>>> print(open('query26.cif').read())   # mmCIF, N, CA and C atoms and all ligand atoms
data_data
#
loop_
_atom_site.label_atom_id
_atom_site.label_comp_id
_atom_site.auth_asym_id
_atom_site.auth_seq_id
_atom_site.Cartn_x
_atom_site.Cartn_y
_atom_site.Cartn_z
N MET A 1 -95.86 -103.54 -25.62
CA MET A 1 -96.96 -104.02 -26.47
C MET A 1 -97.56 -105.30 -25.89
N ARG A 2 -98.88 -105.32 -25.80
CA ARG A 2 -99.60 -106.48 -25.28
C ARG A 2 -99.42 -107.67 -26.23
N THR A 3 -99.17 -108.85 -25.67
CA THR A 3 -98.95 -110.04 -26.51
C THR A 3 -100.02 -111.11 -26.29
N ASN A 4 -101.01 -110.83 -25.44
CA ASN A 4 -101.98 -111.88 -25.11
C ASN A 4 -103.37 -111.60 -25.66
N ARG A 5 -103.47 -110.72 -26.65
CA ARG A 5 -104.78 -110.46 -27.26
C ARG A 5 -104.71 -110.46 -28.77
N THR A 6 -105.78 -110.94 -29.38
CA THR A 6 -105.92 -110.82 -30.83
C THR A 6 -107.35 -110.44 -31.16
N PHE A 7 -107.57 -110.07 -32.40
CA PHE A 7 -108.89 -109.65 -32.85
C PHE A 7 -109.35 -110.60 -33.95
N THR A 8 -110.64 -110.94 -33.92
CA THR A 8 -111.20 -111.84 -34.93
C THR A 8 -112.53 -111.33 -35.45
N MET A 9 -112.87 -111.74 -36.65
CA MET A 9 -114.23 -111.59 -37.16
C MET A 9 -114.67 -112.94 -37.72
N ILE A 10 -115.92 -113.32 -37.45
CA ILE A 10 -116.57 -114.36 -38.24
C ILE A 10 -117.15 -113.61 -39.43
N LYS A 11 -116.65 -113.93 -40.62
CA LYS A 11 -116.98 -113.15 -41.82
C LYS A 11 -118.41 -113.45 -42.30
N PRO A 12 -118.92 -112.65 -43.25
CA PRO A 12 -120.31 -112.84 -43.70
C PRO A 12 -120.63 -114.26 -44.16
N ASP A 13 -119.69 -114.97 -44.76
CA ASP A 13 -119.98 -116.35 -45.20
C ASP A 13 -120.15 -117.27 -43.99
N GLY A 14 -119.29 -117.09 -42.97
CA GLY A 14 -119.39 -117.92 -41.78
C GLY A 14 -120.72 -117.71 -41.06
N VAL A 15 -121.18 -116.45 -41.02
CA VAL A 15 -122.48 -116.15 -40.42
C VAL A 15 -123.60 -116.74 -41.28
N ALA A 16 -123.54 -116.49 -42.61
CA ALA A 16 -124.61 -116.94 -43.51
C ALA A 16 -124.74 -118.46 -43.51
N ASN A 17 -123.61 -119.15 -43.32
CA ASN A 17 -123.64 -120.62 -43.31
C ASN A 17 -123.99 -121.19 -41.94
N ASN A 18 -124.32 -120.28 -41.01
CA ASN A 18 -124.79 -120.69 -39.68
C ASN A 18 -123.70 -121.33 -38.82
N TYR A 19 -122.46 -120.85 -38.98
CA TYR A 19 -121.33 -121.42 -38.24
C TYR A 19 -120.92 -120.59 -37.02
N ILE A 20 -121.71 -119.58 -36.64
CA ILE A 20 -121.29 -118.76 -35.50
C ILE A 20 -121.03 -119.64 -34.27
N GLY A 21 -121.99 -120.47 -33.93
CA GLY A 21 -121.86 -121.28 -32.71
C GLY A 21 -120.70 -122.24 -32.78
N ALA A 22 -120.55 -122.92 -33.91
CA ALA A 22 -119.46 -123.91 -34.06
C ALA A 22 -118.10 -123.23 -33.98
N ILE A 23 -117.97 -122.07 -34.64
CA ILE A 23 -116.67 -121.37 -34.64
C ILE A 23 -116.35 -120.86 -33.25
N LEU A 24 -117.33 -120.26 -32.57
CA LEU A 24 -117.05 -119.76 -31.21
C LEU A 24 -116.72 -120.93 -30.28
N ASN A 25 -117.37 -122.07 -30.48
CA ASN A 25 -117.07 -123.24 -29.65
C ASN A 25 -115.63 -123.70 -29.87
N ASP A 26 -115.19 -123.76 -31.12
CA ASP A 26 -113.81 -124.16 -31.41
C ASP A 26 -112.82 -123.17 -30.81
N ILE A 27 -113.16 -121.87 -30.89
CA ILE A 27 -112.26 -120.84 -30.37
C ILE A 27 -112.10 -120.97 -28.85
N THR A 28 -113.20 -121.14 -28.15
CA THR A 28 -113.09 -121.25 -26.69
C THR A 28 -112.49 -122.59 -26.28
N ALA A 29 -112.78 -123.66 -27.04
CA ALA A 29 -112.18 -124.97 -26.74
C ALA A 29 -110.67 -124.94 -26.92
N ALA A 30 -110.18 -124.04 -27.78
CA ALA A 30 -108.73 -123.92 -28.01
C ALA A 30 -108.07 -123.04 -26.94
N GLY A 31 -108.84 -122.58 -25.97
CA GLY A 31 -108.23 -121.87 -24.85
C GLY A 31 -108.30 -120.36 -24.92
N PHE A 32 -109.02 -119.83 -25.90
CA PHE A 32 -109.17 -118.37 -26.00
C PHE A 32 -110.37 -117.93 -25.16
N LYS A 33 -110.19 -116.82 -24.45
CA LYS A 33 -111.27 -116.22 -23.68
C LYS A 33 -111.81 -115.03 -24.47
N ILE A 34 -113.13 -114.94 -24.59
CA ILE A 34 -113.75 -113.82 -25.30
C ILE A 34 -113.87 -112.64 -24.34
N ILE A 35 -113.19 -111.54 -24.65
CA ILE A 35 -113.26 -110.40 -23.74
C ILE A 35 -114.05 -109.23 -24.33
N ALA A 36 -114.46 -109.35 -25.59
CA ALA A 36 -115.36 -108.37 -26.20
C ALA A 36 -116.01 -109.06 -27.39
N MET A 37 -117.29 -108.73 -27.65
CA MET A 37 -117.95 -109.35 -28.81
C MET A 37 -119.11 -108.48 -29.28
N LYS A 38 -119.31 -108.48 -30.62
CA LYS A 38 -120.33 -107.63 -31.23
C LYS A 38 -120.84 -108.30 -32.51
N TYR A 39 -122.18 -108.31 -32.68
CA TYR A 39 -122.80 -108.80 -33.92
C TYR A 39 -123.23 -107.57 -34.69
N THR A 40 -122.64 -107.34 -35.85
CA THR A 40 -122.83 -106.06 -36.53
C THR A 40 -122.59 -106.24 -38.03
N GLN A 41 -122.77 -105.17 -38.77
CA GLN A 41 -122.47 -105.22 -40.21
C GLN A 41 -121.66 -104.00 -40.60
N LEU A 42 -120.60 -104.23 -41.37
CA LEU A 42 -119.75 -103.14 -41.85
C LEU A 42 -120.42 -102.46 -43.04
N SER A 43 -120.37 -101.14 -43.08
CA SER A 43 -120.72 -100.43 -44.32
C SER A 43 -119.54 -100.61 -45.28
N PRO A 44 -119.76 -100.40 -46.59
CA PRO A 44 -118.62 -100.46 -47.52
C PRO A 44 -117.50 -99.51 -47.11
N SER A 45 -117.87 -98.33 -46.62
CA SER A 45 -116.85 -97.36 -46.22
C SER A 45 -116.01 -97.89 -45.06
N LEU A 46 -116.68 -98.46 -44.05
CA LEU A 46 -115.93 -99.00 -42.90
C LEU A 46 -115.11 -100.22 -43.29
N ALA A 47 -115.66 -101.07 -44.15
CA ALA A 47 -114.89 -102.24 -44.60
C ALA A 47 -113.64 -101.78 -45.36
N GLY A 48 -113.79 -100.72 -46.16
CA GLY A 48 -112.65 -100.16 -46.88
C GLY A 48 -111.57 -99.65 -45.94
N LYS A 49 -112.01 -99.04 -44.85
CA LYS A 49 -111.04 -98.54 -43.86
C LYS A 49 -110.37 -99.70 -43.12
N PHE A 50 -111.16 -100.70 -42.74
CA PHE A 50 -110.59 -101.82 -42.01
C PHE A 50 -109.49 -102.50 -42.84
N TYR A 51 -109.72 -102.63 -44.15
CA TYR A 51 -108.78 -103.33 -45.02
C TYR A 51 -107.91 -102.38 -45.84
N ALA A 52 -107.77 -101.14 -45.37
CA ALA A 52 -107.00 -100.14 -46.13
C ALA A 52 -105.59 -100.62 -46.48
N ILE A 53 -105.04 -101.48 -45.60
CA ILE A 53 -103.69 -102.00 -45.85
C ILE A 53 -103.62 -102.78 -47.17
N HIS A 54 -104.77 -103.28 -47.63
CA HIS A 54 -104.81 -104.06 -48.88
C HIS A 54 -105.30 -103.23 -50.07
N ALA A 55 -105.36 -101.90 -49.93
CA ALA A 55 -105.98 -101.06 -50.96
C ALA A 55 -105.38 -101.23 -52.35
N GLU A 56 -104.10 -101.58 -52.42
CA GLU A 56 -103.45 -101.72 -53.74
C GLU A 56 -103.58 -103.13 -54.31
N ARG A 57 -104.13 -104.06 -53.52
CA ARG A 57 -104.20 -105.45 -53.99
C ARG A 57 -105.35 -105.59 -54.99
N PRO A 58 -105.21 -106.50 -55.96
CA PRO A 58 -106.25 -106.65 -57.00
C PRO A 58 -107.60 -107.08 -56.45
N PHE A 59 -107.60 -107.75 -55.30
CA PHE A 59 -108.86 -108.26 -54.75
C PHE A 59 -109.53 -107.28 -53.80
N TYR A 60 -108.97 -106.07 -53.64
CA TYR A 60 -109.47 -105.13 -52.62
C TYR A 60 -110.96 -104.81 -52.78
N ASN A 61 -111.40 -104.45 -53.98
CA ASN A 61 -112.81 -104.07 -54.16
C ASN A 61 -113.75 -105.23 -53.85
N ASP A 62 -113.37 -106.43 -54.30
CA ASP A 62 -114.19 -107.61 -54.00
C ASP A 62 -114.21 -107.87 -52.50
N LEU A 63 -113.07 -107.68 -51.85
CA LEU A 63 -112.97 -107.92 -50.41
C LEU A 63 -113.88 -106.95 -49.65
N VAL A 64 -113.85 -105.68 -50.02
CA VAL A 64 -114.69 -104.67 -49.36
C VAL A 64 -116.17 -104.98 -49.58
N SER A 65 -116.49 -105.35 -50.80
CA SER A 65 -117.88 -105.66 -51.13
C SER A 65 -118.35 -106.90 -50.34
N PHE A 66 -117.51 -107.92 -50.30
CA PHE A 66 -117.88 -109.14 -49.56
C PHE A 66 -118.00 -108.85 -48.07
N MET A 67 -117.05 -108.14 -47.50
CA MET A 67 -117.04 -107.94 -46.04
C MET A 67 -118.18 -107.04 -45.57
N SER A 68 -118.78 -106.29 -46.50
CA SER A 68 -119.93 -105.45 -46.13
C SER A 68 -121.25 -106.06 -46.59
N SER A 69 -121.21 -107.30 -47.08
CA SER A 69 -122.40 -107.91 -47.70
C SER A 69 -123.39 -108.49 -46.70
N GLY A 70 -122.99 -108.64 -45.47
CA GLY A 70 -123.88 -109.22 -44.47
C GLY A 70 -123.29 -109.07 -43.09
N PRO A 71 -124.02 -109.50 -42.06
CA PRO A 71 -123.50 -109.33 -40.70
C PRO A 71 -122.26 -110.17 -40.42
N ILE A 72 -121.51 -109.70 -39.45
CA ILE A 72 -120.31 -110.39 -38.99
C ILE A 72 -120.34 -110.44 -37.46
N VAL A 73 -119.50 -111.28 -36.90
CA VAL A 73 -119.26 -111.25 -35.45
C VAL A 73 -117.83 -110.78 -35.25
N ALA A 74 -117.65 -109.69 -34.51
CA ALA A 74 -116.32 -109.18 -34.18
C ALA A 74 -116.03 -109.52 -32.73
N ALA A 75 -114.80 -109.90 -32.43
CA ALA A 75 -114.47 -110.24 -31.04
C ALA A 75 -113.00 -110.01 -30.75
N ILE A 76 -112.72 -109.72 -29.48
CA ILE A 76 -111.35 -109.69 -28.99
C ILE A 76 -111.13 -110.94 -28.15
N LEU A 77 -110.01 -111.60 -28.40
CA LEU A 77 -109.72 -112.88 -27.75
C LEU A 77 -108.45 -112.76 -26.92
N GLU A 78 -108.43 -113.43 -25.78
CA GLU A 78 -107.27 -113.38 -24.89
C GLU A 78 -106.72 -114.78 -24.64
N LYS A 79 -105.40 -114.86 -24.76
CA LYS A 79 -104.69 -116.13 -24.51
C LYS A 79 -103.21 -115.79 -24.59
N ASP A 80 -102.34 -116.48 -23.90
CA ASP A 80 -100.90 -116.28 -24.10
C ASP A 80 -100.59 -116.49 -25.58
N ASN A 81 -99.71 -115.65 -26.13
CA ASN A 81 -99.28 -115.82 -27.53
C ASN A 81 -100.48 -115.80 -28.49
N ALA A 82 -101.44 -114.92 -28.22
CA ALA A 82 -102.75 -114.96 -28.89
C ALA A 82 -102.66 -114.85 -30.42
N VAL A 83 -101.86 -113.90 -30.91
CA VAL A 83 -101.85 -113.66 -32.36
C VAL A 83 -101.38 -114.91 -33.11
N ALA A 84 -100.24 -115.43 -32.73
CA ALA A 84 -99.68 -116.59 -33.44
C ALA A 84 -100.54 -117.83 -33.24
N ASP A 85 -101.01 -118.05 -32.00
CA ASP A 85 -101.81 -119.25 -31.75
C ASP A 85 -103.14 -119.19 -32.50
N PHE A 86 -103.70 -117.98 -32.64
CA PHE A 86 -104.98 -117.89 -33.37
C PHE A 86 -104.76 -118.07 -34.86
N ARG A 87 -103.65 -117.56 -35.39
CA ARG A 87 -103.35 -117.80 -36.82
C ARG A 87 -103.21 -119.31 -37.07
N THR A 88 -102.61 -120.02 -36.12
CA THR A 88 -102.51 -121.48 -36.27
C THR A 88 -103.90 -122.11 -36.25
N LEU A 89 -104.77 -121.63 -35.36
CA LEU A 89 -106.11 -122.20 -35.26
C LEU A 89 -106.93 -121.94 -36.53
N ILE A 90 -106.78 -120.77 -37.15
CA ILE A 90 -107.63 -120.50 -38.33
C ILE A 90 -107.07 -121.16 -39.60
N GLY A 91 -105.77 -121.35 -39.71
CA GLY A 91 -105.20 -122.00 -40.88
C GLY A 91 -104.91 -121.01 -42.01
N ALA A 92 -104.42 -121.54 -43.11
CA ALA A 92 -103.97 -120.72 -44.25
C ALA A 92 -105.11 -119.92 -44.85
N THR A 93 -104.77 -118.79 -45.48
CA THR A 93 -105.75 -117.91 -46.12
C THR A 93 -106.62 -118.69 -47.10
N ASP A 94 -105.99 -119.56 -47.88
CA ASP A 94 -106.71 -120.40 -48.84
C ASP A 94 -107.16 -121.68 -48.13
N PRO A 95 -108.47 -121.86 -47.95
CA PRO A 95 -108.95 -123.04 -47.22
C PRO A 95 -108.46 -124.37 -47.80
N ALA A 96 -108.20 -124.39 -49.12
CA ALA A 96 -107.70 -125.62 -49.73
C ALA A 96 -106.32 -125.98 -49.21
N LYS A 97 -105.60 -124.98 -48.68
CA LYS A 97 -104.25 -125.22 -48.14
C LYS A 97 -104.24 -125.23 -46.62
N ALA A 98 -105.39 -125.01 -46.01
CA ALA A 98 -105.46 -124.96 -44.54
C ALA A 98 -105.38 -126.38 -43.97
N ASP A 99 -104.59 -126.53 -42.89
CA ASP A 99 -104.43 -127.85 -42.27
C ASP A 99 -105.77 -128.39 -41.79
N ALA A 100 -105.89 -129.71 -41.78
CA ALA A 100 -107.09 -130.37 -41.26
C ALA A 100 -107.36 -129.91 -39.84
N GLY A 101 -108.62 -129.65 -39.55
CA GLY A 101 -108.99 -129.26 -38.19
C GLY A 101 -108.96 -127.76 -37.95
N THR A 102 -108.33 -127.01 -38.86
CA THR A 102 -108.33 -125.56 -38.68
C THR A 102 -109.70 -124.98 -39.05
N LEU A 103 -109.96 -123.77 -38.58
CA LEU A 103 -111.29 -123.18 -38.82
C LEU A 103 -111.56 -122.99 -40.30
N ARG A 104 -110.56 -122.55 -41.04
CA ARG A 104 -110.81 -122.35 -42.48
C ARG A 104 -110.97 -123.69 -43.19
N ASN A 105 -110.25 -124.70 -42.74
CA ASN A 105 -110.43 -126.04 -43.32
C ASN A 105 -111.85 -126.55 -43.06
N LYS A 106 -112.37 -126.28 -41.88
CA LYS A 106 -113.67 -126.83 -41.51
C LYS A 106 -114.84 -126.00 -42.02
N TYR A 107 -114.67 -124.66 -42.08
CA TYR A 107 -115.85 -123.81 -42.28
C TYR A 107 -115.78 -122.91 -43.52
N ALA A 108 -114.67 -122.90 -44.25
CA ALA A 108 -114.54 -121.96 -45.37
C ALA A 108 -114.56 -122.67 -46.71
N ALA A 109 -114.99 -121.92 -47.73
CA ALA A 109 -115.16 -122.51 -49.06
C ALA A 109 -114.16 -121.99 -50.08
N SER A 110 -113.61 -120.80 -49.89
CA SER A 110 -112.75 -120.24 -50.92
C SER A 110 -111.77 -119.23 -50.32
N MET A 111 -110.80 -118.84 -51.12
CA MET A 111 -109.78 -117.87 -50.70
C MET A 111 -110.41 -116.53 -50.33
N SER A 112 -111.43 -116.13 -51.06
CA SER A 112 -112.05 -114.82 -50.78
C SER A 112 -113.08 -114.91 -49.66
N GLU A 113 -113.77 -116.02 -49.57
CA GLU A 113 -114.78 -116.19 -48.52
C GLU A 113 -114.27 -117.28 -47.58
N ASN A 114 -113.45 -116.83 -46.63
CA ASN A 114 -112.71 -117.81 -45.82
C ASN A 114 -113.08 -117.78 -44.34
N ALA A 115 -114.31 -117.39 -44.06
CA ALA A 115 -114.99 -117.65 -42.77
C ALA A 115 -114.51 -116.84 -41.57
N VAL A 116 -113.18 -116.67 -41.45
CA VAL A 116 -112.65 -116.08 -40.21
C VAL A 116 -111.50 -115.14 -40.51
N HIS A 117 -111.46 -114.02 -39.79
CA HIS A 117 -110.31 -113.11 -39.81
C HIS A 117 -109.51 -113.30 -38.53
N GLY A 118 -108.20 -113.16 -38.63
CA GLY A 118 -107.35 -113.11 -37.44
C GLY A 118 -106.25 -112.09 -37.64
N SER A 119 -105.98 -111.28 -36.62
CA SER A 119 -104.92 -110.26 -36.73
C SER A 119 -103.58 -110.93 -37.04
N ASP A 120 -102.72 -110.18 -37.75
CA ASP A 120 -101.42 -110.75 -38.14
C ASP A 120 -100.25 -110.26 -37.27
N SER A 121 -100.52 -109.36 -36.31
CA SER A 121 -99.44 -108.89 -35.43
C SER A 121 -100.07 -108.30 -34.17
N ASN A 122 -99.27 -108.14 -33.13
CA ASN A 122 -99.79 -107.53 -31.90
C ASN A 122 -100.23 -106.09 -32.17
N ALA A 123 -99.47 -105.37 -32.98
CA ALA A 123 -99.82 -103.98 -33.28
C ALA A 123 -101.16 -103.92 -34.00
N ASN A 124 -101.35 -104.77 -35.01
CA ASN A 124 -102.62 -104.75 -35.74
C ASN A 124 -103.78 -105.26 -34.87
N ALA A 125 -103.49 -106.16 -33.95
CA ALA A 125 -104.55 -106.62 -33.03
C ALA A 125 -105.08 -105.43 -32.23
N GLU A 126 -104.21 -104.56 -31.79
CA GLU A 126 -104.66 -103.38 -31.03
C GLU A 126 -105.44 -102.41 -31.91
N ILE A 127 -104.93 -102.18 -33.11
CA ILE A 127 -105.61 -101.25 -34.04
C ILE A 127 -107.00 -101.79 -34.39
N GLU A 128 -107.06 -103.08 -34.73
CA GLU A 128 -108.33 -103.67 -35.15
C GLU A 128 -109.32 -103.75 -33.99
N SER A 129 -108.83 -104.04 -32.79
CA SER A 129 -109.71 -104.07 -31.62
C SER A 129 -110.31 -102.70 -31.37
N ALA A 130 -109.49 -101.66 -31.47
CA ALA A 130 -109.96 -100.29 -31.22
C ALA A 130 -110.92 -99.82 -32.32
N PHE A 131 -110.84 -100.43 -33.50
CA PHE A 131 -111.74 -100.11 -34.60
C PHE A 131 -113.19 -100.42 -34.21
N TYR A 132 -113.40 -101.46 -33.42
CA TYR A 132 -114.74 -101.93 -33.05
C TYR A 132 -115.15 -101.64 -31.63
N PHE A 133 -114.19 -101.62 -30.69
CA PHE A 133 -114.55 -101.64 -29.27
C PHE A 133 -113.89 -100.51 -28.50
N THR A 134 -114.68 -99.84 -27.65
CA THR A 134 -114.12 -98.90 -26.70
C THR A 134 -113.54 -99.68 -25.52
N ALA A 135 -112.79 -99.01 -24.67
CA ALA A 135 -112.22 -99.65 -23.48
C ALA A 135 -113.32 -100.20 -22.58
N PHE A 136 -114.48 -99.53 -22.54
CA PHE A 136 -115.58 -99.96 -21.67
C PHE A 136 -116.27 -101.21 -22.18
N GLU A 137 -116.02 -101.59 -23.43
CA GLU A 137 -116.64 -102.78 -24.01
C GLU A 137 -115.71 -104.00 -23.96
N GLN A 138 -114.59 -103.86 -23.27
CA GLN A 138 -113.62 -104.96 -23.17
C GLN A 138 -113.58 -105.44 -21.73
N PHE A 139 -113.79 -106.75 -21.55
CA PHE A 139 -113.92 -107.32 -20.20
C PHE A 139 -112.88 -108.40 -19.95
P1 LIG A 201 -105.38 -113.38 -44.04
O1 LIG A 201 -106.86 -113.14 -43.82
O2 LIG A 201 -105.05 -114.85 -44.00
O3 LIG A 201 -104.51 -112.57 -43.10
P2 LIG A 201 -104.65 -111.49 -46.11
O4 LIG A 201 -103.53 -111.69 -47.08
O5 LIG A 201 -104.43 -110.51 -45.00
O6 LIG A 201 -105.04 -112.92 -45.52
O7 LIG A 201 -105.93 -111.07 -46.96
C1 LIG A 201 -107.07 -110.53 -46.30
C2 LIG A 201 -108.29 -111.19 -46.87
O8 LIG A 201 -108.42 -110.84 -48.25
C3 LIG A 201 -108.28 -112.73 -46.88
O9 LIG A 201 -108.67 -113.29 -45.66
C4 LIG A 201 -109.26 -113.03 -47.99
O10 LIG A 201 -110.61 -112.88 -47.52
C5 LIG A 201 -108.96 -111.94 -48.99
N1 LIG A 201 -107.96 -112.38 -49.98
C6 LIG A 201 -106.63 -112.51 -49.79
N2 LIG A 201 -106.01 -112.92 -50.90
C7 LIG A 201 -106.98 -113.04 -51.83
C8 LIG A 201 -106.97 -113.43 -53.21
O11 LIG A 201 -105.93 -113.75 -53.81
N3 LIG A 201 -108.18 -113.47 -53.84
C9 LIG A 201 -109.34 -113.11 -53.21
N4 LIG A 201 -109.39 -112.73 -51.93
C10 LIG A 201 -108.23 -112.71 -51.24
MG MG A 202 -104.33 -110.52 -42.94
#
>>> encode(input="query26.cif", output="structure tokens", more="lines below")
Ligand code: IDP
Ligand code: MG
Amino acid sequence: MRTNRTFTMIKPDGVANNYIGAILNDITAAGFKIIAMKYTQLSPSLAGKFYAIHAERPFYNDLVSFMSSGPIVAAILEKDNAVADFRTLIGATDPAKADAGTLRNKYAASMSENAVHGSDSNANAEIESAFYFTAFEQF
């Protein structure tokens, strides 16, 4: 299993608040290399599939609705220990609990609209990357 890649999205709130440039700058400044990137919008159906793991959670419908509400930036990032290091960079799910300097601390407003997604395991990084990108779109 590959350990040097993770998958991220700048969520609809991060895009709507005009943070694409700032977030990508923080990501590359932290040593991540962008090896695939796409500016796109999820349909409700695709958002439901992406977050199927959360289908039983009470916030699932709101999450699907929010994640399909506007454009997002999807990207694959490369760095040693990518999954864990990127989770550290984005901070806690709830921005109010995210450490100072983390992406969610800097750019997110709430638990549901928290600016950035990051894969939680190497296996999910591969699944999520393949959800958006073919092998020919990864550099
Ligand atoms: P993560 O994004 O930090 O990995 P997860 O538990 O995987 O957090 O949840 C996925 C996404 O679902 C979160 O990023 C957030 O947008 C949303 N979410 C998680 N928990 C809640 C909640 O309690 N209320 C509303 N939205 C939530
Ligand atoms: Mg998660």
>>> select_by_dssp(input="query26.cif", residues="stretch 33-137 of chain A", states="alpha helix (DSSP H)", output="PyMOL selection string")
chain A and resi 44-50+60-67+82-90+103-107+122-132
>>> closest_residue(input="query26.cif", among="A:Thr6, A:Ser119, A:Thr40, A:Thr28", to="ligand LIG 201 (chain A)", atoms="all atoms listed in the file")
A:Ser119
>>> residues_around(input="query26.cif", residues="stretch 62-72 of chain A", least_positions_apart="3", cutoff="8 Å", atoms="only C-alpha atoms", output="VMD selection string")
chain A and resid 9 to 12 15 to 16 39 to 44 47 to 48 51 59 112 to 113
>>> residues_near_ligand(input="query26.cif", ligand="ligand MG 202 (chain A)", cutoff="8 Å", atoms="only N, CA and C atoms and all ligand atoms", output="PDB file with N, CA and C atoms, in the coordinates of the input")
ATOM      1  N   HIS A 117    -111.460-114.020 -39.790  1.00  0.00           N
ATOM      2  CA  HIS A 117    -110.310-113.110 -39.810  1.00  0.00           C
ATOM      3  C   HIS A 117    -109.510-113.300 -38.530  1.00  0.00           C
ATOM      4  N   GLY A 118    -108.200-113.160 -38.630  1.00  0.00           N
ATOM      5  CA  GLY A 118    -107.350-113.110 -37.440  1.00  0.00           C
ATOM      6  C   GLY A 118    -106.250-112.090 -37.640  1.00  0.00           C
ATOM      7  N   SER A 119    -105.980-111.280 -36.620  1.00  0.00           N
ATOM      8  CA  SER A 119    -104.920-110.260 -36.730  1.00  0.00           C
ATOM      9  C   SER A 119    -103.580-110.930 -37.040  1.00  0.00           C
ATOM     10  N   ASP A 120    -102.720-110.180 -37.750  1.00  0.00           N
ATOM     11  CA  ASP A 120    -101.420-110.750 -38.140  1.00  0.00           C
ATOM     12  C   ASP A 120    -100.250-110.260 -37.270  1.00  0.00           C
ATOM     13  N   SER A 121    -100.520-109.360 -36.310  1.00  0.00           N
ATOM     14  CA  SER A 121     -99.440-108.890 -35.430  1.00  0.00           C
ATOM     15  C   SER A 121    -100.070-108.300 -34.170  1.00  0.00           C
TER      16      SER A 121
END
>>> atom_distance(input="query26.cif", atom1="atom O2 of ligand LIG 201 (chain A)", atom2="atom C of A:Thr93")
5.2 Å
>>> axis_aligned_box(input="query26.cif", around="ligand LIG 201 (chain A)", padding_each_side="5 Å", output="lines of an AutoDock Vina configuration file")
center_x = -107.1
center_y = -112.7
center_z = -48.5
size_x = 17.1
size_y = 14.3
size_z = 20.7
>>> closest_residue(input="query26.cif", among="A:Ile20, A:Ala92, A:Glu137, A:Glu128", to="A:Phe50", atoms="all atoms listed in the file")
A:Glu128
>>> atom_distance(input="query26.cif", atom1="atom CA of A:Thr3", atom2="atom CA of A:Phe86")
12.0 Å
>>> atom_distance(input="query26.cif", atom1="atom N of A:Arg2", atom2="atom C of A:Gln138")
15.3 Å
>>> residues_around(input="query26.cif", residues="A:Ser110", least_positions_apart="3", cutoff="8 Å", atoms="only C-alpha atoms", output="MDAnalysis selection string")
chainID A and resid 94:96 113:114
>>> closest_residue(input="query26.cif", among="A:Met111, A:Ala135, A:Lys49, A:Ala125", to="ligand LIG 201 (chain A)", atoms="only N, CA and C atoms and all ligand atoms")
A:Met111
>>> closest_residue(input="query26.cif", among="A:Lys79, A:Asp85, A:Arg57, A:Gly91", to="A:Gly31", atoms="only C-alpha atoms")
A:Lys79
>>> select_by_dssp(input="query26.cif", residues="stretch 22-126 of chain A", states="strand (DSSP E)", output="JSON, numbers by chain")
{"A": [33, 34, 35, 36, 37, 38, 39, 40, 72, 73, 74, 75, 76, 77, 78, 116, 117, 118]}
>>> closest_residue(input="query26.cif", among="A:Asn81, A:Ser129, A:Thr8, A:Asn17", to="ligand LIG 201 (chain A)", atoms="only C-alpha atoms and all ligand atoms")
A:Thr8
>>> closest_residue(input="query26.cif", among="A:Asp99, A:Val83, A:His54, A:Ile76", to="ligand LIG 201 (chain A)", atoms="all atoms listed in the file")
A:His54
>>> residues_around(input="query26.cif", residues="A:Arg5", least_positions_apart="2", cutoff="6 Å", atoms="only C-alpha atoms", output="list of chain:residue names")
A:Thr3, A:Leu77, A:Glu78, A:Ala82
